[in-house]
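Report on the following structure.
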Amino acid sequence: MNLAAADEPAIRATGLTRRFGSLLAVDHVTLAIPRAQIYGFLGPNGSGKSTTIRMLCGLLRPTEGGVIVLGEDVTRNPEAVRRKLGYMTQRFSLWEDLTVLENLHFIADIYGIPRAQREARIRSRLEEYNLGSLRAQRAGTLSGGQKQRLALAAATLHEPELLLLDEPTSAVDPQSRRDFWESLFALVHRRTTILVSTHYMDEAERCHRLAILERGRLVAEGTPRQLAADIDAVVIEIEADDIEGARRALAAVPGVKSVAQLGTRLHALLEREVADPQGAVRAALVRASVQAAVERTPANLEDVFVAATSKNTANPGPARAA
Amino acid sequence: MMEWLRQSLGRIWAIAAKEFRQLGRDRLTFGMVVGIPLIQILIFGYSINFDVRDVRAAVVDDARTSGSRSFLAGVEATQVVSVVARLRSPRELEHALDSGEVSVGIYIPPDFERRRLEGSRPAVQVLVDGSEPTIESVVRALTAVPLVTRAGLYRNEVRPVEIRTLYNPERRTAVQIVPALIGVILNMTMVLFTAIAIVRERERGNLELLITTPVKTAELMTGKLIPYIIVGLIQTTLILSVGKWLFDVPLAGSLLDLYLAAALFIAATLTLGLVISTAAQTQFQAVQLSFFTMLPSILLSGFMFPFDGMPQAAQAFAQILPLTHFVELVRGIVLRGAELSSMPVQLLKLAAFFTIALLVAALRFHKRLD
């Protein structure tokens with residue numbers, strides 16, 4: 001890798017669009033993913049995360065737009081980046097009737113890792129991802145967390161510069177998810193660029209940068225902190241015993257975009273234009289005679305997500321980045 | 001260049017080895033490799049039988065001479081018919097035929113000895129139930145040679161000596177069926193195996209991972225074919241051995257020629273499986289499509305019915321089927337002792353099928369999901 005290329009983003013997508021018949025799965029997504037960072041795709045199911053990732057690794061051809069991955073035009077020449085790219089599919093896609101070791105051997109041979117390095121490389125992966133004791137076990141009999149560690153071991157066996165992970169933790173318990181993310185940071189530390197799609201807020205929070213996708217469109221992009229600061233709404237937290245009463249009262253307040261419950265608290269997102277949001281909420285609660293503590297709080301990522309996605313529901317047909 | 005080739009061969013080998021390993025672990029498929037040929041050869045070898053034996057017959061002997069008795073003994077000795085009833089009059093004989101009690105009636109008239117000496121009129125009448133075409137043709141065939149005069153559709157003359165020499169049914173069918181059976185069994189298993197081997201990986205998501213790796217389409221396909229070519233040759237050996245051991249099928253030609261022809265045929269059917277795999281999305285569809293190609297192969301290839309008897313259009317269509325050409329090759333080598341070099345047309349047609357099908361499969365199989 002030369003130095004000039006090092007500053008170049010790992011992925012640069014311009015106006016990336018994909019249609020399946022009449023369905024617009026990905027709608028003019030433009031983004032740049034910097035190197036040696038974890039970049040997150042956050043969005044509900046069907047928001048176009050998988051389709052975008054598949055276009056980025058050349059599995060699907062874009063209907064419109066282009067992608068440059070690690071300096072190569074993936075749409076024209078997908079083979080050029082295959083060696084520098086590791087891809088972990090949403091579904092476990094190694095061979096369930098082969099053992100852990102056999103799967104890794106096969107992947108090593110497919111990537112043409114020289115015999116001399118092969119064993120050492122596999123041993124280090126087995127150790128790193130805690131698979132040593134499972135080496136002779138058939139992959140089909142592994143637990144969700146073990147399968148995912150094996151998939152990561154296989155995807156990183158050829159030391160790719162870029163790792164694409166499509167909802168890697170969807171079938172995994174919380175402890176395994178934590179461990180998995182520790183492994184990802186270890187990889188980033190070794191200068192690997194990682195693109196990960198998720199629908200977990202806590203995972204999105206861990207990313208260096210984040211893109212929020214909704215119905216194929218990129219609706220927000222930035223670091224989690226930046227996104228929270230730039231949120232296009234005011235977040236009001238209401239703590240009340242009569243949560244249902246509070247909810248009903250809030251429905252009457254003008255400028256409320258959404259209300260979400262977090263245990264005994266409600267998070268209400270109000271439009272920025274509302275002059276005194278706290279006062280408006282308090283007044284509405286008093287009118288409904290609901291006892292509540294009302295406070296303005298900084299936005300969390302969930303608020304960002306709700307604000308970004310509800311905007312488009314209210315206004316279908318937003319201006320697109322040209 | 002050498003490095004590129006080394007890497008490419010390495011990937012093909014990796015895929016072939018993986019496929020072998022999976023084949024060994026998948027008990028059902030492994031069972032099919034050995035089980036299908038064994039069961040098929042036993043079923044087909046024993047049940048597809050054009051030899052007609054022990055056809056139920058009734059006899060009316062109005063001559064009652066030593067000549068007539070020895071004639072009847074001779075007829076029974078052929079084992080083509082077995083006499084189940086001795087009746088008193090031609091009327092009773094016709095009645096027995098009408099009721100379906102017997103399929104053949106033999107009538108020996110009182111002047112049997114004189115007729116035999118004169119030779120101008122048939123000495124014996126054989127009445128055959130014409131509603132069963134195979135029986136009719138068999139008995140007809142057995143009476144065809146000594147025919148002096150034809151006395152109507154069901155009435156023919158028989159001479160015992162000729163019956164025995166003409167009809168020696170013991171081995172013919174198995175000898176004809178078993179070599180062609182190699183083709184039918186290979187056709188059945190090979191198409192199915194490859195179609196499933198690829199579609200299964202598509203269904204389980206393995207393919208999505210594989211196509212993001214540096215493996216090329218041609219390497220993937222070659223790697224998938226190699227294990228099944230070997231499986232096909234094992235099946236060929238199995239059928240040949242059972243054919244020799246159980247059905248006493250001789251091999252007139254060279255064993256090497258037979259294996260070469262089989263290898264080419266296996267490659268052709270495997271590529272047909274590859275084409276199917278590019279069209280089918282699920283294993284179920286792959287199985288259905290495989291069977292869809294199998295039935296015409298079995299019916300039109302000349303395995304079941306004589307090729308020459310088929311309508312022109314069917315004959316033309318059968319030219320597309322690899323089995324048609326292999327049946328000709330294998331019968332030539334096994335039965336006539338023909339050399340492979342004497343049948344270049346069939347070889348070329350198989351090679352053409354292989355090339356075209358492989359091309360179609362490679363073009364249809366994108367290293368993409370769309």
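Labels used: A, B, ... for chains in the order of the structure tokens, numbers from 1 for residues in each chain, and numbers from 1 for ligands as shown.
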Neighbouring residues of Phe307 (chain B) were defined as those with any atom within 12 Å, considering only C-alpha atoms; residues of the same chain fewer than 5 positions away were excluded. Please report them as a PDB file with N, CA and C atoms, in the first residue's frame.
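Dumped everything to result02.pdb:
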ATOM      1  N   SER B 297     -34.583 -39.495 -21.686  1.00  0.00           N
ATOM      2  CA  SER B 297     -33.342 -40.221 -21.930  1.00  0.00           C
ATOM      3  C   SER B 297     -33.598 -41.723 -21.933  1.00  0.00           C
ATOM      4  N   ILE B 298     -34.330 -42.182 -20.920  1.00  0.00           N
ATOM      5  CA  ILE B 298     -34.561 -43.623 -20.806  1.00  0.00           C
ATOM      6  C   ILE B 298     -35.453 -44.122 -21.943  1.00  0.00           C
ATOM      7  N   LEU B 299     -36.478 -43.344 -22.257  1.00  0.00           N
ATOM      8  CA  LEU B 299     -37.453 -43.819 -23.232  1.00  0.00           C
ATOM      9  C   LEU B 299     -36.967 -43.682 -24.670  1.00  0.00           C
ATOM     10  N   LEU B 300     -36.189 -42.628 -24.939  1.00  0.00           N
ATOM     11  CA  LEU B 300     -35.857 -42.343 -26.340  1.00  0.00           C
ATOM     12  C   LEU B 300     -34.451 -42.766 -26.756  1.00  0.00           C
ATOM     13  N   SER B 301     -33.643 -43.203 -25.794  1.00  0.00           N
ATOM     14  CA  SER B 301     -32.237 -43.425 -26.130  1.00  0.00           C
ATOM     15  C   SER B 301     -32.008 -44.732 -26.873  1.00  0.00           C
ATOM     16  N   GLY B 302     -33.045 -45.585 -26.955  1.00  0.00           N
ATOM     17  CA  GLY B 302     -32.824 -46.886 -27.550  1.00  0.00           C
ATOM     18  C   GLY B 302     -32.575 -47.937 -26.490  1.00  0.00           C
ATOM     19  N   GLN B 312     -39.595 -40.167 -36.754  1.00  0.00           N
ATOM     20  CA  GLN B 312     -38.464 -39.326 -37.171  1.00  0.00           C
ATOM     21  C   GLN B 312     -38.143 -38.225 -36.157  1.00  0.00           C
ATOM     22  N   ALA B 313     -39.204 -37.553 -35.692  1.00  0.00           N
ATOM     23  CA  ALA B 313     -39.016 -36.428 -34.775  1.00  0.00           C
ATOM     24  C   ALA B 313     -38.375 -36.899 -33.477  1.00  0.00           C
ATOM     25  N   ALA B 314     -38.828 -38.053 -32.981  1.00  0.00           N
ATOM     26  CA  ALA B 314     -38.281 -38.581 -31.733  1.00  0.00           C
ATOM     27  C   ALA B 314     -36.820 -38.967 -31.919  1.00  0.00           C
ATOM     28  N   GLN B 315     -36.508 -39.528 -33.080  1.00  0.00           N
ATOM     29  CA  GLN B 315     -35.119 -39.896 -33.359  1.00  0.00           C
ATOM     30  C   GLN B 315     -34.225 -38.664 -33.377  1.00  0.00           C
ATOM     31  N   ALA B 316     -34.746 -37.594 -33.985  1.00  0.00           N
ATOM     32  CA  ALA B 316     -33.969 -36.353 -34.054  1.00  0.00           C
ATOM     33  C   ALA B 316     -33.756 -35.793 -32.656  1.00  0.00           C
ATOM     34  N   PHE B 317     -34.811 -35.831 -31.851  1.00  0.00           N
ATOM     35  CA  PHE B 317     -34.703 -35.302 -30.491  1.00  0.00           C
ATOM     36  C   PHE B 317     -33.704 -36.119 -29.678  1.00  0.00           C
ATOM     37  N   ALA B 318     -33.745 -37.445 -29.891  1.00  0.00           N
ATOM     38  CA  ALA B 318     -32.876 -38.338 -29.122  1.00  0.00           C
ATOM     39  C   ALA B 318     -31.400 -38.043 -29.386  1.00  0.00           C
ATOM     40  N   GLN B 319     -31.120 -37.404 -30.521  1.00  0.00           N
ATOM     41  CA  GLN B 319     -29.726 -37.059 -30.838  1.00  0.00           C
ATOM     42  C   GLN B 319     -29.138 -36.080 -29.830  1.00  0.00           C
ATOM     43  N   THR B 324     -28.311 -41.550 -25.655  1.00  0.00           N
ATOM     44  CA  THR B 324     -28.485 -42.193 -26.954  1.00  0.00           C
ATOM     45  C   THR B 324     -27.137 -42.649 -27.515  1.00  0.00           C
ATOM     46  N   HIS B 325     -26.177 -41.735 -27.462  1.00  0.00           N
ATOM     47  CA  HIS B 325     -24.875 -42.034 -28.056  1.00  0.00           C
ATOM     48  C   HIS B 325     -24.099 -43.030 -27.214  1.00  0.00           C
ATOM     49  N   VAL B 327     -25.396 -45.383 -25.326  1.00  0.00           N
ATOM     50  CA  VAL B 327     -25.988 -46.726 -25.495  1.00  0.00           C
ATOM     51  C   VAL B 327     -25.400 -47.386 -26.735  1.00  0.00           C
ATOM     52  N   GLU B 328     -25.268 -46.590 -27.805  1.00  0.00           N
ATOM     53  CA  GLU B 328     -24.667 -47.148 -29.025  1.00  0.00           C
ATOM     54  C   GLU B 328     -23.215 -47.548 -28.788  1.00  0.00           C
TER      55      GLU B 328
END
Using only C-alpha atoms, tabulate the residues of chain A lying at most 10 Å from any atom of chain B, each with its closest atom pair and that distance in Å to one decimal, by chain and increasing residue number, as a tab-separated table.
residue	atom	partner	partner_atom	distance
A:Phe20	CA	B:Asp370	CA	9.2
A:Arg54	CA	B:Leu369	CA	8.6
A:Met55	CA	B:Arg368	CA	9.7
A:Cys57	CA	B:Thr212	CA	7.1
A:Gly58	CA	B:Arg368	CA	7.2
A:Leu59	CA	B:Arg368	CA	4.5
A:Leu60	CA	B:Arg368	CA	5.8
A:Arg61	CA	B:Asp370	CA	7.4
A:Pro78	CA	B:Thr212	CA	8.8
A:Glu79	CA	B:Pro214	CA	6.7
A:Ala80	CA	B:Pro214	CA	8.8
A:Val81	CA	B:Pro214	CA	8.9
A:Arg82	CA	B:Pro214	CA	5.6
A:Arg83	CA	B:Pro214	CA	6.3
A:Lys84	CA	B:Thr213	CA	9.7
A:Leu85	CA	B:Thr212	CA	8.1
A:Gly86	CA	B:Thr212	CA	7.9
A:Tyr87	CA	B:Thr212	CA	7.0
A:Met88	CA	B:Leu209	CA	7.4
A:Thr89	CA	B:Leu209	CA	6.9
A:Gln90	CA	B:Gly205	CA	9.3
A:Arg91	CA	B:Gly205	CA	6.9
A:Phe92	CA	B:Gly205	CA	7.4
A:Ser93	CA	B:Asn206	CA	4.6
A:Leu94	CA	B:Asn206	CA	5.8
A:Trp95	CA	B:Asn206	CA	6.9
A:Glu96	CA	B:Arg204	CA	9.2
A:Asp97	CA	B:Gln22	CA	6.6
A:Leu98	CA	B:Gln22	CA	7.1
A:Glu102	CA	B:Lys18	CA	8.4
A:Asn103	CA	B:Lys18	CA	8.9
A:His105	CA	B:Ala14	CA	8.7
A:Phe106	CA	B:Ala14	CA	6.1
A:Ile107	CA	B:Thr213	CA	8.6
A:Ala108	CA	B:Ala14	CA	9.2
A:Asp109	CA	B:Ala14	CA	6.0
A:Ile110	CA	B:Arg11	CA	5.1
A:Tyr111	CA	B:Pro214	CA	6.4
A:Gly112	CA	B:Gln7	CA	6.2
A:Ile113	CA	B:Gln7	CA	9.4
A:Pro114	CA	B:Gln7	CA	9.6
A:Ala155	CA	B:Leu209	CA	9.3
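Here CA of Gln346 (chain B) and CA of Val231 (chain B) stand 23.0 Å from one another.
Reported to one decimal place, the separation of CA of Thr65 (chain B) from CA of Arg116 (chain B) is 12.2 Å.
Here CA of Leu152 (chain A) stands at a distance of 18.9 Å from CA of Tyr200 (chain A).
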Write down as a short mmCIF file (atom, residue, chain, number, x, y, z; two decimals) with N, CA and C atoms, in the first residue's frame the residues of region 24-231 of chain A whose backbone DSSP state falls under helix (DSSP H, G or I).
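Output saved as out.cif:
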data_model
loop_
_atom_site.label_atom_id
_atom_site.label_comp_id
_atom_site.auth_asym_id
_atom_site.auth_seq_id
_atom_site.Cartn_x
_atom_site.Cartn_y
_atom_site.Cartn_z
N LYS A 49 -29.36 -2.37 3.92
CA LYS A 49 -27.99 -2.58 4.42
C LYS A 49 -27.29 -3.71 3.67
N SER A 50 -27.97 -4.88 3.61
CA SER A 50 -27.33 -6.04 2.97
C SER A 50 -27.09 -5.79 1.48
N THR A 51 -28.08 -5.19 0.83
CA THR A 51 -27.94 -4.92 -0.60
C THR A 51 -26.75 -3.99 -0.84
N THR A 52 -26.58 -2.97 0.02
CA THR A 52 -25.46 -2.05 -0.15
C THR A 52 -24.14 -2.80 0.04
N ILE A 53 -24.06 -3.61 1.09
CA ILE A 53 -22.82 -4.36 1.34
C ILE A 53 -22.51 -5.30 0.17
N ARG A 54 -23.55 -5.93 -0.35
CA ARG A 54 -23.33 -6.84 -1.48
C ARG A 54 -22.84 -6.10 -2.72
N MET A 55 -23.30 -4.87 -2.88
CA MET A 55 -22.79 -4.09 -4.03
C MET A 55 -21.35 -3.69 -3.78
N LEU A 56 -21.01 -3.40 -2.51
CA LEU A 56 -19.66 -2.98 -2.20
C LEU A 56 -18.64 -4.09 -2.44
N PRO A 78 -14.73 -6.74 -10.25
CA PRO A 78 -14.88 -7.20 -8.86
C PRO A 78 -13.75 -8.13 -8.40
N GLU A 79 -13.11 -8.83 -9.36
CA GLU A 79 -12.07 -9.78 -8.97
C GLU A 79 -10.84 -9.09 -8.38
N ALA A 80 -10.63 -7.84 -8.79
CA ALA A 80 -9.40 -7.14 -8.41
C ALA A 80 -9.28 -6.97 -6.90
N VAL A 81 -10.42 -6.82 -6.20
CA VAL A 81 -10.33 -6.57 -4.76
C VAL A 81 -10.58 -7.80 -3.91
N ARG A 82 -10.95 -8.91 -4.56
CA ARG A 82 -11.36 -10.10 -3.80
C ARG A 82 -10.33 -10.51 -2.74
N ARG A 83 -9.05 -10.41 -3.09
CA ARG A 83 -8.00 -10.85 -2.20
C ARG A 83 -7.83 -9.93 -0.99
N LYS A 84 -8.22 -8.66 -1.18
CA LYS A 84 -7.99 -7.68 -0.11
C LYS A 84 -9.23 -7.51 0.75
N VAL A 100 -14.15 -27.49 12.15
CA VAL A 100 -13.60 -26.14 12.25
C VAL A 100 -12.29 -26.06 11.47
N LEU A 101 -11.42 -27.03 11.73
CA LEU A 101 -10.10 -27.02 11.09
C LEU A 101 -10.21 -27.21 9.58
N GLU A 102 -11.07 -28.11 9.15
CA GLU A 102 -11.24 -28.36 7.72
C GLU A 102 -11.77 -27.12 7.00
N ASN A 103 -12.69 -26.44 7.62
CA ASN A 103 -13.20 -25.19 7.04
C ASN A 103 -12.08 -24.18 6.85
N LEU A 104 -11.26 -24.02 7.90
CA LEU A 104 -10.17 -23.04 7.81
C LEU A 104 -9.13 -23.47 6.76
N HIS A 105 -8.84 -24.75 6.71
CA HIS A 105 -7.90 -25.24 5.69
C HIS A 105 -8.42 -24.94 4.29
N PHE A 106 -9.72 -25.20 4.11
CA PHE A 106 -10.31 -24.97 2.79
C PHE A 106 -10.21 -23.50 2.39
N ILE A 107 -10.59 -22.62 3.31
CA ILE A 107 -10.54 -21.19 3.01
C ILE A 107 -9.09 -20.76 2.73
N ALA A 108 -8.16 -21.29 3.51
CA ALA A 108 -6.74 -20.95 3.30
C ALA A 108 -6.30 -21.37 1.89
N ASP A 109 -6.74 -22.56 1.46
CA ASP A 109 -6.35 -23.05 0.13
C ASP A 109 -7.00 -22.23 -0.98
N ILE A 110 -8.25 -21.83 -0.76
CA ILE A 110 -8.96 -21.03 -1.76
C ILE A 110 -8.26 -19.68 -1.95
N ARG A 115 1.62 -22.98 1.86
CA ARG A 115 1.63 -24.05 2.87
C ARG A 115 2.47 -23.67 4.09
N ALA A 116 3.60 -23.00 3.81
CA ALA A 116 4.53 -22.69 4.88
C ALA A 116 3.87 -21.82 5.95
N GLN A 117 3.02 -20.90 5.48
CA GLN A 117 2.39 -19.99 6.43
C GLN A 117 1.06 -20.50 6.93
N ARG A 118 0.49 -21.45 6.17
CA ARG A 118 -0.89 -21.84 6.41
C ARG A 118 -1.13 -22.29 7.85
N GLU A 119 -0.31 -23.24 8.31
CA GLU A 119 -0.55 -23.82 9.63
C GLU A 119 -0.40 -22.78 10.73
N ALA A 120 0.64 -21.95 10.59
CA ALA A 120 0.88 -20.93 11.62
C ALA A 120 -0.28 -19.95 11.66
N ARG A 121 -0.74 -19.57 10.47
CA ARG A 121 -1.84 -18.61 10.37
C ARG A 121 -3.11 -19.18 11.01
N ILE A 122 -3.39 -20.44 10.69
CA ILE A 122 -4.61 -21.07 11.22
C ILE A 122 -4.49 -21.21 12.74
N ARG A 123 -3.30 -21.59 13.20
CA ARG A 123 -3.11 -21.75 14.64
C ARG A 123 -3.35 -20.43 15.36
N SER A 124 -2.84 -19.34 14.77
CA SER A 124 -3.02 -18.05 15.45
C SER A 124 -4.50 -17.65 15.48
N ARG A 125 -5.24 -17.97 14.42
CA ARG A 125 -6.68 -17.65 14.41
C ARG A 125 -7.45 -18.48 15.43
N LEU A 126 -7.08 -19.78 15.50
CA LEU A 126 -7.75 -20.66 16.46
C LEU A 126 -7.56 -20.13 17.87
N GLU A 127 -6.33 -19.63 18.11
CA GLU A 127 -6.01 -19.12 19.43
C GLU A 127 -6.74 -17.81 19.69
N GLU A 128 -6.64 -16.90 18.72
CA GLU A 128 -7.20 -15.57 18.88
C GLU A 128 -8.71 -15.63 19.09
N GLY A 132 -9.52 -23.25 19.60
CA GLY A 132 -8.57 -24.36 19.66
C GLY A 132 -9.20 -25.67 20.09
N SER A 133 -10.04 -25.62 21.13
CA SER A 133 -10.61 -26.86 21.64
C SER A 133 -11.71 -27.39 20.74
N LEU A 134 -12.15 -26.56 19.79
CA LEU A 134 -13.25 -26.98 18.92
C LEU A 134 -12.76 -27.43 17.55
N ALA A 139 -18.69 -27.92 12.12
CA ALA A 139 -19.16 -26.54 12.26
C ALA A 139 -20.66 -26.49 12.55
N GLY A 140 -21.39 -27.47 12.02
CA GLY A 140 -22.84 -27.48 12.22
C GLY A 140 -23.25 -27.65 13.67
N THR A 141 -22.35 -28.19 14.49
CA THR A 141 -22.71 -28.44 15.89
C THR A 141 -22.27 -27.31 16.81
N GLY A 144 -24.16 -20.46 18.35
CA GLY A 144 -24.20 -19.23 17.55
C GLY A 144 -22.92 -18.41 17.68
N GLY A 145 -22.46 -18.24 18.93
CA GLY A 145 -21.27 -17.44 19.17
C GLY A 145 -20.02 -18.10 18.58
N GLN A 146 -19.96 -19.43 18.71
CA GLN A 146 -18.79 -20.16 18.17
C GLN A 146 -18.76 -20.09 16.65
N LYS A 147 -19.94 -20.24 16.04
CA LYS A 147 -20.02 -20.15 14.58
C LYS A 147 -19.53 -18.79 14.10
N GLN A 148 -19.93 -17.76 14.84
CA GLN A 148 -19.58 -16.43 14.43
C GLN A 148 -18.09 -16.18 14.59
N ARG A 149 -17.49 -16.77 15.63
CA ARG A 149 -16.03 -16.64 15.80
C ARG A 149 -15.32 -17.37 14.66
N LEU A 150 -15.85 -18.53 14.31
CA LEU A 150 -15.26 -19.28 13.20
C LEU A 150 -15.37 -18.48 11.89
N ALA A 151 -16.54 -17.89 11.68
CA ALA A 151 -16.75 -17.10 10.46
C ALA A 151 -15.77 -15.93 10.41
N LEU A 152 -15.53 -15.31 11.57
CA LEU A 152 -14.59 -14.18 11.60
C LEU A 152 -13.17 -14.68 11.36
N ALA A 153 -12.85 -15.82 11.96
CA ALA A 153 -11.51 -16.40 11.74
C ALA A 153 -11.30 -16.68 10.25
N ALA A 154 -12.34 -17.22 9.60
CA ALA A 154 -12.23 -17.54 8.17
C ALA A 154 -12.13 -16.26 7.34
N ALA A 155 -12.89 -15.25 7.72
CA ALA A 155 -12.92 -14.02 6.93
C ALA A 155 -11.62 -13.23 7.06
N THR A 156 -10.87 -13.47 8.15
CA THR A 156 -9.64 -12.70 8.36
C THR A 156 -8.39 -13.52 8.07
N PRO A 174 -25.33 -11.79 24.35
CA PRO A 174 -24.68 -10.50 24.65
C PRO A 174 -23.20 -10.63 24.98
N GLN A 175 -22.82 -11.66 25.75
CA GLN A 175 -21.41 -11.81 26.11
C GLN A 175 -20.57 -12.05 24.85
N SER A 176 -21.07 -12.90 23.96
CA SER A 176 -20.35 -13.16 22.72
C SER A 176 -20.26 -11.91 21.86
N ARG A 177 -21.32 -11.10 21.92
CA ARG A 177 -21.30 -9.85 21.15
C ARG A 177 -20.19 -8.94 21.64
N ARG A 178 -20.07 -8.86 22.99
CA ARG A 178 -19.00 -8.01 23.56
C ARG A 178 -17.64 -8.51 23.10
N ASP A 179 -17.43 -9.81 23.23
CA ASP A 179 -16.14 -10.38 22.83
C ASP A 179 -15.87 -10.12 21.35
N PHE A 180 -16.93 -10.26 20.57
CA PHE A 180 -16.80 -10.06 19.13
C PHE A 180 -16.33 -8.65 18.83
N TRP A 181 -16.92 -7.69 19.51
CA TRP A 181 -16.52 -6.30 19.26
C TRP A 181 -15.10 -6.04 19.72
N GLU A 182 -14.66 -6.69 20.79
CA GLU A 182 -13.26 -6.57 21.20
C GLU A 182 -12.36 -7.05 20.07
N SER A 183 -12.76 -8.16 19.44
CA SER A 183 -11.96 -8.69 18.33
C SER A 183 -11.91 -7.68 17.18
N LEU A 184 -13.04 -7.02 16.92
CA LEU A 184 -13.07 -6.04 15.83
C LEU A 184 -12.11 -4.89 16.11
N PHE A 185 -12.09 -4.42 17.37
CA PHE A 185 -11.19 -3.31 17.68
C PHE A 185 -9.73 -3.75 17.56
N ALA A 186 -9.48 -5.01 17.91
CA ALA A 186 -8.11 -5.53 17.74
C ALA A 186 -7.71 -5.49 16.26
N LEU A 187 -8.66 -5.81 15.38
CA LEU A 187 -8.39 -5.78 13.95
C LEU A 187 -8.15 -4.36 13.46
N VAL A 188 -8.96 -3.43 13.94
CA VAL A 188 -8.81 -2.03 13.53
C VAL A 188 -7.45 -1.51 13.98
N HIS A 189 -7.04 -1.97 15.14
CA HIS A 189 -5.74 -1.57 15.66
C HIS A 189 -4.63 -2.00 14.70
N MET A 201 -28.56 -0.70 18.76
CA MET A 201 -28.08 0.65 19.05
C MET A 201 -26.73 0.61 19.76
N ASP A 202 -26.57 -0.37 20.71
CA ASP A 202 -25.32 -0.39 21.47
C ASP A 202 -24.14 -0.69 20.56
N GLU A 203 -24.37 -1.48 19.51
CA GLU A 203 -23.29 -1.75 18.58
C GLU A 203 -23.00 -0.53 17.73
N ALA A 204 -24.07 0.14 17.30
CA ALA A 204 -23.89 1.34 16.50
C ALA A 204 -23.08 2.38 17.27
N GLU A 205 -23.35 2.44 18.59
CA GLU A 205 -22.65 3.38 19.47
C GLU A 205 -21.13 3.16 19.47
N ARG A 206 -20.73 1.91 19.24
CA ARG A 206 -19.31 1.57 19.29
C ARG A 206 -18.56 1.92 18.00
N PRO A 224 -21.10 8.93 16.09
CA PRO A 224 -22.28 8.84 16.97
C PRO A 224 -22.48 10.12 17.78
N ARG A 225 -21.37 10.69 18.25
CA ARG A 225 -21.45 11.90 19.06
C ARG A 225 -21.99 13.08 18.22
N GLN A 226 -21.43 13.20 17.03
CA GLN A 226 -21.85 14.24 16.10
C GLN A 226 -23.33 14.10 15.77
N LEU A 227 -23.75 12.89 15.51
CA LEU A 227 -25.14 12.64 15.14
C LEU A 227 -26.07 13.05 16.29
N ALA A 228 -25.64 12.73 17.52
CA ALA A 228 -26.46 13.07 18.68
C ALA A 228 -26.54 14.59 18.84
N ALA A 229 -25.41 15.25 18.58
CA ALA A 229 -25.39 16.70 18.73
C ALA A 229 -26.21 17.39 17.64
#
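With only C-alpha atoms as the atoms that count, the residue of B:Val275, B:Ala351, B:Ile230, B:Leu192 with the shortest distance to Gln288 (chain B) is B:Leu192.
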Write out as a count of residues only which residues come within 10 Å of Gln235 (chain B) when counting only C-alpha atoms, dropping same-chain ones fewer than 6 positions away.
-> 12
